[in-house]
Every structure is written in structure tokens, then in C-alpha cells.
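Pasting structure_10.txt here (compact mmCIF, C-alpha atoms):
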# COMPACT_ATOMS: atom_id res chain seq x y z
CA MET A 1 149.07 52.51 165.17
CA ALA A 2 151.93 50.24 166.15
CA ILE A 3 150.04 47.10 165.19
CA ALA A 4 150.05 48.11 161.54
CA ARG A 5 153.82 47.54 161.47
CA ARG A 6 153.63 43.96 162.77
CA PRO A 7 154.50 41.42 160.05
CA MET A 8 151.49 39.15 160.67
CA PHE A 9 149.10 42.11 160.54
CA ARG A 10 150.57 43.19 157.23
CA GLU A 11 150.40 39.69 155.82
CA GLY A 12 146.73 39.40 156.80
CA ALA A 13 145.87 42.83 155.40
CA PHE A 14 147.68 41.98 152.16
CA GLU A 15 145.92 38.63 151.74
CA ALA A 16 142.52 40.24 152.31
CA MET A 17 143.06 42.71 149.44
CA PRO A 18 142.15 40.35 146.53
CA MET A 19 138.76 39.75 148.15
CA ALA A 20 138.05 43.48 148.30
CA PHE A 21 136.67 43.54 144.76
CA GLY A 22 134.00 40.93 145.48
CA LEU A 23 133.27 42.39 148.90
CA ALA A 24 132.90 45.92 147.57
CA ALA A 25 130.50 44.86 144.81
CA TRP A 26 128.44 42.85 147.24
CA GLY A 27 128.47 45.62 149.85
CA LEU A 28 127.27 48.09 147.24
CA VAL A 29 124.34 45.81 146.37
CA ALA A 30 123.48 45.30 150.03
CA GLY A 31 123.61 49.07 150.55
CA VAL A 32 121.27 49.71 147.62
CA ALA A 33 118.85 47.09 148.96
CA MET A 34 118.90 48.81 152.34
CA ALA A 35 118.29 52.23 150.77
CA LYS A 36 115.33 50.84 148.81
CA SER A 37 113.76 49.27 151.90
CA GLY A 38 112.84 52.78 153.03
CA MET A 39 114.36 52.48 156.50
CA GLY A 40 116.20 55.80 156.10
CA VAL A 41 119.90 56.53 155.68
CA PRO A 42 120.94 56.93 159.37
CA LEU A 43 119.30 53.68 160.51
CA ALA A 44 120.63 51.79 157.51
CA ILE A 45 124.18 52.95 158.28
CA LEU A 46 123.73 52.14 161.96
CA MET A 47 122.53 48.62 161.10
CA SER A 48 125.45 48.08 158.80
CA LEU A 49 128.02 49.25 161.36
CA THR A 50 126.61 47.31 164.30
CA VAL A 51 125.20 44.11 162.77
CA TYR A 52 127.98 43.70 160.18
CA ALA A 53 126.48 40.58 158.58
CA GLY A 54 125.46 41.14 154.97
CA SER A 55 123.31 38.06 154.56
CA ALA A 56 121.46 38.71 157.83
CA GLN A 57 120.83 42.34 156.90
CA ILE A 58 119.50 41.42 153.46
CA ALA A 59 117.30 38.69 154.94
CA ALA A 60 115.89 41.14 157.48
CA LEU A 61 115.03 43.93 155.02
CA PRO A 62 111.84 42.54 153.45
CA LEU A 63 110.64 41.54 156.93
CA ILE A 64 111.22 45.04 158.30
CA SER A 65 109.57 46.80 155.36
CA SER A 66 106.55 44.49 155.46
CA GLY A 67 106.17 45.13 159.20
CA ALA A 68 106.78 41.55 160.33
CA PRO A 69 106.89 40.95 164.11
CA VAL A 70 110.26 41.72 165.69
CA TRP A 71 110.75 38.12 166.84
CA VAL A 72 110.53 36.93 163.23
CA VAL A 73 113.33 39.32 162.25
CA TRP A 74 115.42 38.16 165.19
CA ALA A 75 114.77 34.46 164.55
CA THR A 76 115.77 34.92 160.91
CA THR A 77 118.94 36.73 162.01
CA LEU A 78 119.74 33.85 164.35
CA CYS A 79 119.30 31.22 161.62
CA VAL A 80 121.46 33.13 159.16
CA CYS A 81 124.12 33.80 161.81
CA LEU A 82 124.36 30.29 163.27
CA ARG A 83 127.24 29.64 160.89
CA PHE A 84 129.24 32.19 162.90
CA MET A 85 128.98 29.76 165.82
CA ALA A 86 130.85 27.21 163.72
CA PHE A 87 133.52 29.81 162.96
CA SER A 88 133.68 30.68 166.66
CA PHE A 89 134.22 27.00 167.51
CA HIS A 90 137.11 26.77 165.06
CA TYR A 91 138.79 29.97 166.22
CA ARG A 92 138.78 28.98 169.90
CA PRO A 93 142.08 27.02 169.99
CA TYR A 94 143.81 29.89 168.18
CA PHE A 95 142.56 32.60 170.52
CA ALA A 96 142.03 30.75 173.83
CA HIS A 97 145.15 32.31 175.37
CA LEU A 98 143.85 35.88 174.99
CA PRO A 99 141.88 37.72 177.70
CA ARG A 100 138.10 37.40 177.38
CA ARG A 101 137.59 41.07 176.54
CA GLN A 102 139.93 40.70 173.58
CA ARG A 103 138.31 37.43 172.47
CA VAL A 104 134.90 39.10 172.36
CA ALA A 105 136.30 42.13 170.53
CA LEU A 106 137.82 39.82 167.90
CA SER A 107 134.50 37.95 167.66
CA PHE A 108 132.75 41.08 166.47
CA LEU A 109 134.97 41.14 163.37
CA MET A 110 134.32 37.53 162.30
CA GLY A 111 133.09 37.00 158.77
CA ASP A 112 133.01 34.42 155.98
CA THR A 113 135.90 35.94 154.05
CA THR A 114 138.24 36.31 156.99
CA PHE A 115 137.44 32.83 158.27
CA ALA A 116 138.22 31.13 154.97
CA LEU A 117 141.46 33.09 154.59
CA PHE A 118 142.47 32.32 158.18
CA ILE A 119 141.90 28.57 157.92
CA ARG A 120 143.65 28.46 154.55
CA ARG A 121 146.67 30.19 156.10
CA PHE A 122 146.62 28.32 159.43
CA PRO A 123 145.06 24.85 158.99
CA GLU A 124 146.22 23.71 162.46
CA PRO A 125 146.39 25.67 165.75
CA VAL A 126 150.06 25.04 166.53
CA PRO A 127 151.37 27.44 169.19
CA GLY A 128 153.62 30.25 168.06
CA PRO A 129 152.29 32.55 165.34
CA ALA A 130 150.61 35.83 166.30
CA TYR A 131 147.21 34.62 165.11
CA GLU A 132 145.41 37.69 166.43
CA ASP A 133 147.62 40.01 164.35
CA TYR A 134 146.84 38.14 161.14
CA PHE A 135 143.15 38.02 162.06
CA LEU A 136 143.08 41.77 162.74
CA GLY A 137 144.88 42.48 159.48
CA THR A 138 142.37 40.58 157.35
CA SER A 139 139.37 41.66 159.43
CA LEU A 140 140.05 45.38 159.56
CA VAL A 141 140.65 45.57 155.79
CA THR A 142 137.46 43.56 155.24
CA TYR A 143 135.44 45.68 157.67
CA GLY A 144 136.70 48.91 156.10
CA VAL A 145 136.04 47.87 152.49
CA TRP A 146 132.64 46.41 153.35
CA GLN A 147 131.43 49.44 155.32
CA LEU A 148 132.68 51.90 152.72
CA ALA A 149 130.91 50.00 149.94
CA ILE A 150 127.66 49.55 151.83
CA ILE A 151 127.53 53.22 152.87
CA VAL A 152 128.13 54.30 149.25
CA GLY A 153 125.31 51.93 148.26
CA ILE A 154 122.99 53.32 150.94
CA VAL A 155 123.66 56.92 149.93
CA ALA A 156 123.70 56.34 146.15
CA GLY A 157 120.60 54.15 146.45
CA ALA A 158 118.54 53.92 143.31
CA GLY A 159 121.38 55.38 141.22
CA ILE A 160 122.77 51.84 140.95
CA PRO A 161 120.38 49.57 139.02
CA ALA A 162 120.02 45.95 140.15
CA SER A 163 120.34 44.71 136.57
CA TRP A 164 124.09 45.32 136.64
CA GLY A 165 124.33 42.06 138.50
CA LEU A 166 126.97 43.41 140.89
CA GLY A 167 125.84 41.04 143.59
CA PHE A 168 127.19 38.19 141.50
CA ALA A 169 130.74 39.30 142.28
CA GLY A 170 129.95 38.69 145.96
CA THR A 171 128.58 35.24 145.15
CA MET A 172 131.76 34.48 143.18
CA ALA A 173 133.85 35.60 146.16
CA LEU A 174 132.01 33.14 148.38
CA LEU A 175 132.33 30.42 145.73
CA ALA A 176 136.10 30.96 145.61
CA LEU A 177 136.23 30.79 149.41
CA THR A 178 134.22 27.55 149.37
CA CYS A 179 136.85 26.10 147.02
CA THR A 180 139.65 26.98 149.44
CA GLN A 181 137.96 24.81 152.08
CA LEU A 182 137.92 21.64 149.92
CA ARG A 183 140.70 19.77 151.71
CA ASN A 184 139.78 16.12 151.16
CA PRO A 185 137.06 13.97 149.55
CA ILE A 186 134.77 14.19 152.59
CA THR A 187 134.73 18.00 152.42
CA TRP A 188 133.66 17.70 148.77
CA VAL A 189 130.76 15.47 149.78
CA ALA A 190 129.84 17.83 152.65
CA ALA A 191 129.81 20.83 150.29
CA VAL A 192 127.65 19.09 147.69
CA VAL A 193 125.22 17.80 150.32
CA ALA A 194 124.95 21.28 151.86
CA ALA A 195 124.41 22.93 148.48
CA CYS A 196 121.63 20.48 147.51
CA ALA A 197 119.98 20.70 150.93
CA ALA A 198 120.05 24.51 150.89
CA VAL A 199 118.34 24.58 147.48
CA ALA A 200 115.85 21.83 148.31
CA ALA A 201 114.87 23.43 151.63
CA TYR A 202 114.83 26.99 150.30
CA ALA A 203 111.09 27.37 150.82
CA LEU A 204 111.43 26.99 154.59
CA PRO A 205 110.68 30.13 156.62
CA LEU A 206 113.26 32.07 158.68
CA LYS A 207 116.12 31.05 156.33
CA LEU A 208 116.08 27.65 158.02
CA ASN A 209 117.44 26.15 154.80
CA ILE A 210 120.97 27.15 155.82
CA LEU A 211 120.57 25.38 159.15
CA VAL A 212 119.17 22.28 157.44
CA ALA A 213 122.11 22.31 155.02
CA ILE A 214 124.71 22.57 157.79
CA ALA A 215 123.03 19.78 159.80
CA ALA A 216 122.89 17.51 156.75
CA ALA A 217 126.53 18.13 155.86
CA VAL A 218 127.73 17.60 159.43
CA ALA A 219 125.76 14.33 159.63
CA VAL A 220 127.19 13.09 156.34
CA GLY A 221 130.68 14.18 157.41
CA VAL A 222 130.44 12.24 160.69
CA LEU A 223 129.13 9.14 158.90
CA ALA A 224 131.88 9.33 156.28
CA ASP A 225 134.54 9.70 158.98
CA ARG A 226 133.13 6.68 160.79
CA ALA A 227 132.96 4.63 157.59
CA GLN A 228 136.58 5.47 156.85
CA ALA A 229 137.71 4.58 160.37
CA PHE A 230 135.69 1.33 160.20
CA ARG A 231 137.45 0.27 157.01
CA GLY A 232 140.73 1.05 158.73
CA GLY A 233 141.63 3.45 155.95
CA ALA A 234 143.81 6.42 156.83
CA ARG A 235 143.34 8.68 153.88
CA PRO A 236 144.53 12.23 154.38
CA MET B 1 107.75 49.63 161.48
CA SER B 2 108.43 53.00 163.07
CA ALA B 3 111.97 54.38 163.31
CA LEU B 4 112.10 53.49 167.01
CA GLU B 5 111.02 49.90 166.31
CA ILE B 6 113.62 49.58 163.58
CA LEU B 7 116.25 50.92 165.99
CA LEU B 8 115.31 48.32 168.62
CA THR B 9 115.22 45.58 165.98
CA THR B 10 118.68 46.62 164.81
CA ILE B 11 120.12 46.57 168.33
CA GLY B 12 118.65 43.10 168.84
CA MET B 13 120.11 41.90 165.54
CA GLY B 14 123.52 43.25 166.57
CA LEU B 15 123.37 41.41 169.90
CA ILE B 16 122.24 38.16 168.25
CA THR B 17 125.04 38.20 165.68
CA LEU B 18 127.64 39.04 168.34
CA ALA B 19 126.32 36.24 170.58
CA CYS B 20 126.71 33.76 167.72
CA ARG B 21 130.19 34.99 166.89
CA ALA B 22 131.40 34.95 170.50
CA PHE B 23 129.58 31.73 171.45
CA PHE B 24 132.68 29.52 171.76
CA LEU B 25 135.16 32.31 172.49
CA PHE B 26 133.32 33.82 175.46
CA PRO B 27 133.49 30.91 177.97
CA LYS B 28 136.62 30.52 180.09
CA GLU B 29 136.79 26.74 179.68
CA ASP B 30 136.17 24.65 176.57
CA LEU B 31 132.50 23.76 176.36
CA PRO B 32 131.90 20.04 176.86
CA MET B 33 130.94 18.44 173.59
CA PRO B 34 130.64 14.84 172.39
CA HIS B 35 133.52 13.68 170.24
CA TRP B 36 131.41 13.00 167.15
CA LEU B 37 130.01 16.54 167.19
CA ARG B 38 133.49 18.02 167.61
CA GLU B 39 134.57 16.03 164.55
CA GLY B 40 131.42 16.84 162.61
CA LEU B 41 131.68 20.58 163.21
CA ARG B 42 134.79 20.58 161.03
CA TYR B 43 132.42 20.35 158.09
CA ALA B 44 130.11 23.16 159.25
CA PRO B 45 131.99 26.15 157.76
CA ILE B 46 132.25 24.72 154.25
CA ALA B 47 128.62 23.61 154.50
CA ALA B 48 127.57 27.12 155.49
CA LEU B 49 129.46 28.68 152.59
CA ALA B 50 128.03 26.19 150.08
CA ALA B 51 124.54 26.70 151.53
CA VAL B 52 124.73 30.45 151.01
CA VAL B 53 126.19 30.20 147.49
CA ALA B 54 124.10 27.43 145.89
CA PRO B 55 120.65 29.10 146.05
CA GLU B 56 122.17 32.29 144.58
CA LEU B 57 123.27 30.32 141.53
CA VAL B 58 120.31 28.08 140.66
CA LEU B 59 117.21 29.81 142.08
CA THR B 60 115.26 32.75 140.65
CA GLN B 61 112.61 34.21 142.99
CA GLY B 62 112.74 30.96 144.98
CA GLN B 63 112.13 28.76 141.90
CA LEU B 64 114.69 26.36 140.44
CA ILE B 65 115.75 27.71 137.03
CA ASP B 66 114.29 25.69 134.14
CA THR B 67 116.65 26.74 131.38
CA TRP B 68 120.33 26.06 130.83
CA ARG B 69 120.66 29.51 129.29
CA ASP B 70 121.33 31.21 132.60
CA ALA B 71 124.35 33.48 132.73
CA ARG B 72 124.97 32.68 136.41
CA ILE B 73 125.58 28.96 135.83
CA PHE B 74 128.23 29.62 133.20
CA GLY B 75 129.77 32.40 135.27
CA ALA B 76 130.07 30.03 138.22
CA LEU B 77 131.52 27.26 136.04
CA ALA B 78 134.05 29.70 134.57
CA GLY B 79 134.99 30.82 138.09
CA LEU B 80 135.38 27.21 139.26
CA GLY B 81 137.48 26.41 136.21
CA PHE B 82 139.72 29.38 136.85
CA TYR B 83 140.15 28.38 140.48
CA ALA B 84 141.07 24.82 139.50
CA TRP B 85 143.62 26.23 137.04
CA ARG B 86 145.25 29.02 139.02
CA ARG B 87 144.05 28.77 142.67
CA SER B 88 143.57 32.54 142.60
CA LEU B 89 140.73 34.08 144.61
CA PHE B 90 140.82 37.37 142.76
CA GLY B 91 140.99 35.65 139.36
CA THR B 92 138.00 33.47 140.25
CA ILE B 93 135.89 36.49 141.15
CA VAL B 94 136.87 38.49 138.07
CA CYS B 95 136.61 35.57 135.63
CA GLY B 96 133.23 34.37 136.97
CA THR B 97 131.72 37.85 137.09
CA GLY B 98 133.15 38.70 133.67
CA VAL B 99 131.65 35.65 132.00
CA MET B 100 128.30 36.26 133.69
CA LEU B 101 128.19 39.92 132.59
CA GLY B 102 129.35 38.98 129.07
CA LEU B 103 126.54 36.47 128.64
CA ARG B 104 123.94 38.72 130.24
CA PHE B 105 124.73 41.81 128.19
CA GLY B 106 126.14 40.08 125.10
CA LEU B 107 123.52 37.37 124.62
CA GLY B 108 120.77 38.70 126.87
CA TRP B 109 120.64 35.55 129.06
Represent the structure of the file as C-alpha cells.
Amino acid sequence: MAIARRPMFREGAFEAMPMAFGLAAWGLVAGVAMAKSGMGVPLAILMSLTVYAGSAQIAALPLISSGAPVWVVWATTLCVCLRFMAFSFHYRPYFAHLPRRQRVALSFLMGDTTFALFIRRFPEPVPGPAYEDYFLGTSLVTYGVWQLAIIVGIVAGAGIPASWGLGFAGTMALLALTCTQLRNPITWVAAVVAACAAVAAYALPLKLNILVAIAAAVAVGVLADRAQAFRGGARP
Amino acid sequence: MSALEILLTTIGMGLITLACRAFFLFPKEDLPMPHWLREGLRYAPIAALAAVVAPELVLTQGQLIDTWRDARIFGALAGLGFYAWRRSLFGTIVCGTGVMLGLRFGLGW
């Protein structure tokens, strides 16, 4: 494909490579979890290819195997995926010039890894760079590695014991990505508030703890911005 | 659930995730939004990442861990330390996972 020769595509694909290790380990664990849920190999692969959201899939598994009502599964998916709305909001100025069909196609490939890499590379949406090429480079590598790993996990199933702690590599990948987003003191506060809120509210149903954490961090961020503006300070 | 029910559930999940992902990219015009929310949403992505990571590090079966001898804590600290030192994503993952596995299999934590 011609796009693979574009410099921005290559740069994106190259920068996504270091994350592949964490992604692959995490995908493998997610695949094993799906195999063990007893939903069957074809459906598990279908879910992985179409939903393409590891945390949502893992959150849905126990609900599906315990025969929870469909709306509970969907509500849980929504709560886990609301963070994608925040990503979507941030991507808009970078992709607003593209036709709608293309914008929606790019949306499908959004993920935590690609978002953090993208914002680290392009902190501001200044016109010029071929943002979509870079996005496609990172996203296609990520999609490929993730799907390969999860399908291996689904097929290998119980052959990979949980005690290996492979999932931890995925957690470390997300931790590293969180670090890349620490731009100024307020982002530190937002991250700490979100982390504490997510742990404190963990017992909530439907994975609402993530929503609570985001709301708390956004509220604290707004207040901190206001406080800074009120003092007339112009810290970076 | 039957296979058909799981299939329908999966299709619904796919549509829900795509709707979330495309939410702000689908409309032709920018969605109207108060200024404070526009500012505040800048903190949403880092909050989401932190919210997904934190419970994975300090909770076991939904309970806060009650011992400091947990391999995950030290793995995470090692990863953070490596990031502060080298700013390397790959190094953070390998260092954090390595320390965690070392403690788990070496000391049985």
C-alpha cells in the first residue's frame, strides 16, 4: 500500500513498536480470559475484532458467563468506554478537515496507547502535519499486535497460566503512558485524584469507578485552573 | 447466555464503543460546550489512564492490599523510577515487569 511509504506513517508505526511488548502480553492475557469464559473460539475472536477494547471485553466476560442481562453488559461497556469520548474530543481539531466517513473510520482505531503517543508527539493541533498518517501508522501496528496476541491467547487458552503475571506488562505499559501525559503540576494532581477515586469507588457496579475518577479529576483540574488564573499566575 | 445472545451482545458492545470513539468526530460542526468543560476535559485522558492503572496495582479481588510485600507495588515503583531516569516507554515496561516477576518468583511475594 502506498500509505506505508509516507514518512508520517512510518514514524507512527516506528514509535508504536516499543509498546508492542506490553500490548502483546496484555492481549495474550485478555485472550486467555476470553477462552476461559467458555464463549467459544469464533465468538471470542469476533468480539475481539469488532469491539477492540481490552478493558471493556474483560469487564464484560464475567457478566456474560454468569448470564447477566444484556443491558448490564452494555451499560458496563459504556462506562468503561466513556474515556474514548475524551480521546475523541481531543482528536477533533486534528481530524476536523477530513471527510466524515474517514473520521469515523479513524475513530474505530482509537485506543489508549495510540492516544498517548499521538498527544506526546503533537501536543498542539497546528495546521500542517499529516496527522492522519501518523495516527494510522501507530494504530495499525497496535491493532495488528493486539489482535495477534489476543487470538493466540484465545486459541492457546488454558495453556498459559495466570500466575505468570503477564497482565502486569500491560499495566506497566499504561503506567508509562500515564507518565507521558504529566505535563504540568495540575496534571499530576489530576492523575493522583483520579487514581485515588478509582480505588476508593472500586466497589461501584458497572465499572462506574472509572467515570467517578474522571469526573473528580476534571473537577479538580477546573478548580486548579481557576485558582491559578485568580492569583494571576501564568505557570506553564 | 446462548451463542445467539452472545453474538447480539457483542454487536451491541461494538456499536457502543464505536459511538464513544466517534462521539466528537462524527458531527459536522463543533459541539457547543461551556468553556470550563472544554478546559476541564484536558484532564480527562490522564485521569482515565490513572483510573485504569491504580486499581490494578493496589487491589486484590477488590480489596485494598494490606501488606507492603506485594510484588506489583515494587514493580510499579521500579517502572516509575526508570521512566523518570530515561523517559523510555519500553524500558519502563521491561523494568517494571522484570522487578515484579523477580520478586514474585524469587521471593514468592
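Counting from atom CA of Ala191 of chain A, the distance to atom CA of Gly14 of chain B is 28.4 Å.
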What lies within 7 Å of Met13 of chain B using all atoms listed in the file, ignoring chain neighbours under 3 positions off, as a ChimeraX atom specification? /A:51,74,77 /B:9-10,16-17
For the selection you just gave me, I'd like the residues written to a file as a PDB file, keeping the file's coordinate frame, keeping C-alpha atoms.
ATOM      1  CA  VAL A  51     125.200  44.110 162.770  1.00  0.00           C
ATOM      2  CA  TRP A  74     115.420  38.160 165.190  1.00  0.00           C
ATOM      3  CA  THR A  77     118.940  36.730 162.010  1.00  0.00           C
TER       4      THR A  77
ATOM      5  CA  THR B   9     115.220  45.580 165.980  1.00  0.00           C
ATOM      6  CA  THR B  10     118.680  46.620 164.810  1.00  0.00           C
ATOM      7  CA  ILE B  16     122.240  38.160 168.250  1.00  0.00           C
ATOM      8  CA  THR B  17     125.040  38.200 165.680  1.00  0.00           C
TER       9      THR B  17
END
Please write as JSON, numbers by chain the list of polymer residues whose atoms come within 12 Å of (130.8, 29.0, 145.1), counting all atoms listed in the file and keeping to the coordinates of the file. {"A": [168, 169, 170, 171, 172, 173, 174, 175, 176, 177, 178, 179, 180, 181, 182, 191, 192, 194, 195], "B": [46, 47, 48, 49, 50, 51, 52, 53, 54, 55, 56, 57, 58, 72, 73, 75, 76, 77, 78, 79, 80, 81, 83, 89, 92, 93, 96, 97]}
Coordinates-based distance that separates atom CA of Met17 of chain A from atom CA of Leu78 of chain A (Å, one decimal):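 Straight-line distance from atom CA of Leu78 of chain A to atom CA of Met17 of chain A works out to 29.1 Å.
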Tell me, in Å to one decimal, how far atom CA of Gly38 of chain A is from atom CA of Phe108 of chain A.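 One can read the atom CA of Gly38 of chain A to atom CA of Phe108 of chain A distance as 26.7 Å.
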Would you please work out which residue, of A:Leu136, A:Ala96, A:Ala229, A:Met85, is nearest to Ala44 of chain B when using all atoms listed in the file?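 Looking only at the distances to Ala44 of chain B, the closest residue turns out to be A:Met85.
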Taking into account all atoms listed in the file, which residue in the set A:Ile150, A:Pro93, A:Gly159, A:Ala4 is nearest to Pro127 of chain A? A:Pro93
Centre and edge lengths of an axis-aligned box around all listed atoms of segment 113-132 of chain A, with 4 Å added on each side, are to be given in Å to one decimal, as AutoDock Vina command-line options.
--center_x 144.8 --center_y 30.7 --center_z 161.6 --size_x 25.7 --size_y 22.0 --size_z 23.1
Point (120.0, 30.0, 157.1), cut-off 8 Å, counting only C-alpha atoms, residues as an mmCIF file with C-alpha atoms, keeping the file's coordinate frame:
data_model
loop_
_atom_site.group_PDB
_atom_site.id
_atom_site.type_symbol
_atom_site.label_atom_id
_atom_site.label_comp_id
_atom_site.auth_asym_id
_atom_site.auth_seq_id
_atom_site.Cartn_x
_atom_site.Cartn_y
_atom_site.Cartn_z
ATOM 1 C CA THR A 76 115.770 34.920 160.910
ATOM 2 C CA CYS A 79 119.300 31.220 161.620
ATOM 3 C CA VAL A 80 121.460 33.130 159.160
ATOM 4 C CA CYS A 81 124.120 33.800 161.810
ATOM 5 C CA LEU A 82 124.360 30.290 163.270
ATOM 6 C CA LEU A 206 113.260 32.070 158.680
ATOM 7 C CA LYS A 207 116.120 31.050 156.330
ATOM 8 C CA LEU A 208 116.080 27.650 158.020
ATOM 9 C CA ASN A 209 117.440 26.150 154.800
ATOM 10 C CA ILE A 210 120.970 27.150 155.820
ATOM 11 C CA LEU A 211 120.570 25.380 159.150
ATOM 12 C CA VAL A 212 119.170 22.280 157.440
ATOM 13 C CA ALA B 51 124.540 26.700 151.530
ATOM 14 C CA VAL B 52 124.730 30.450 151.010
#
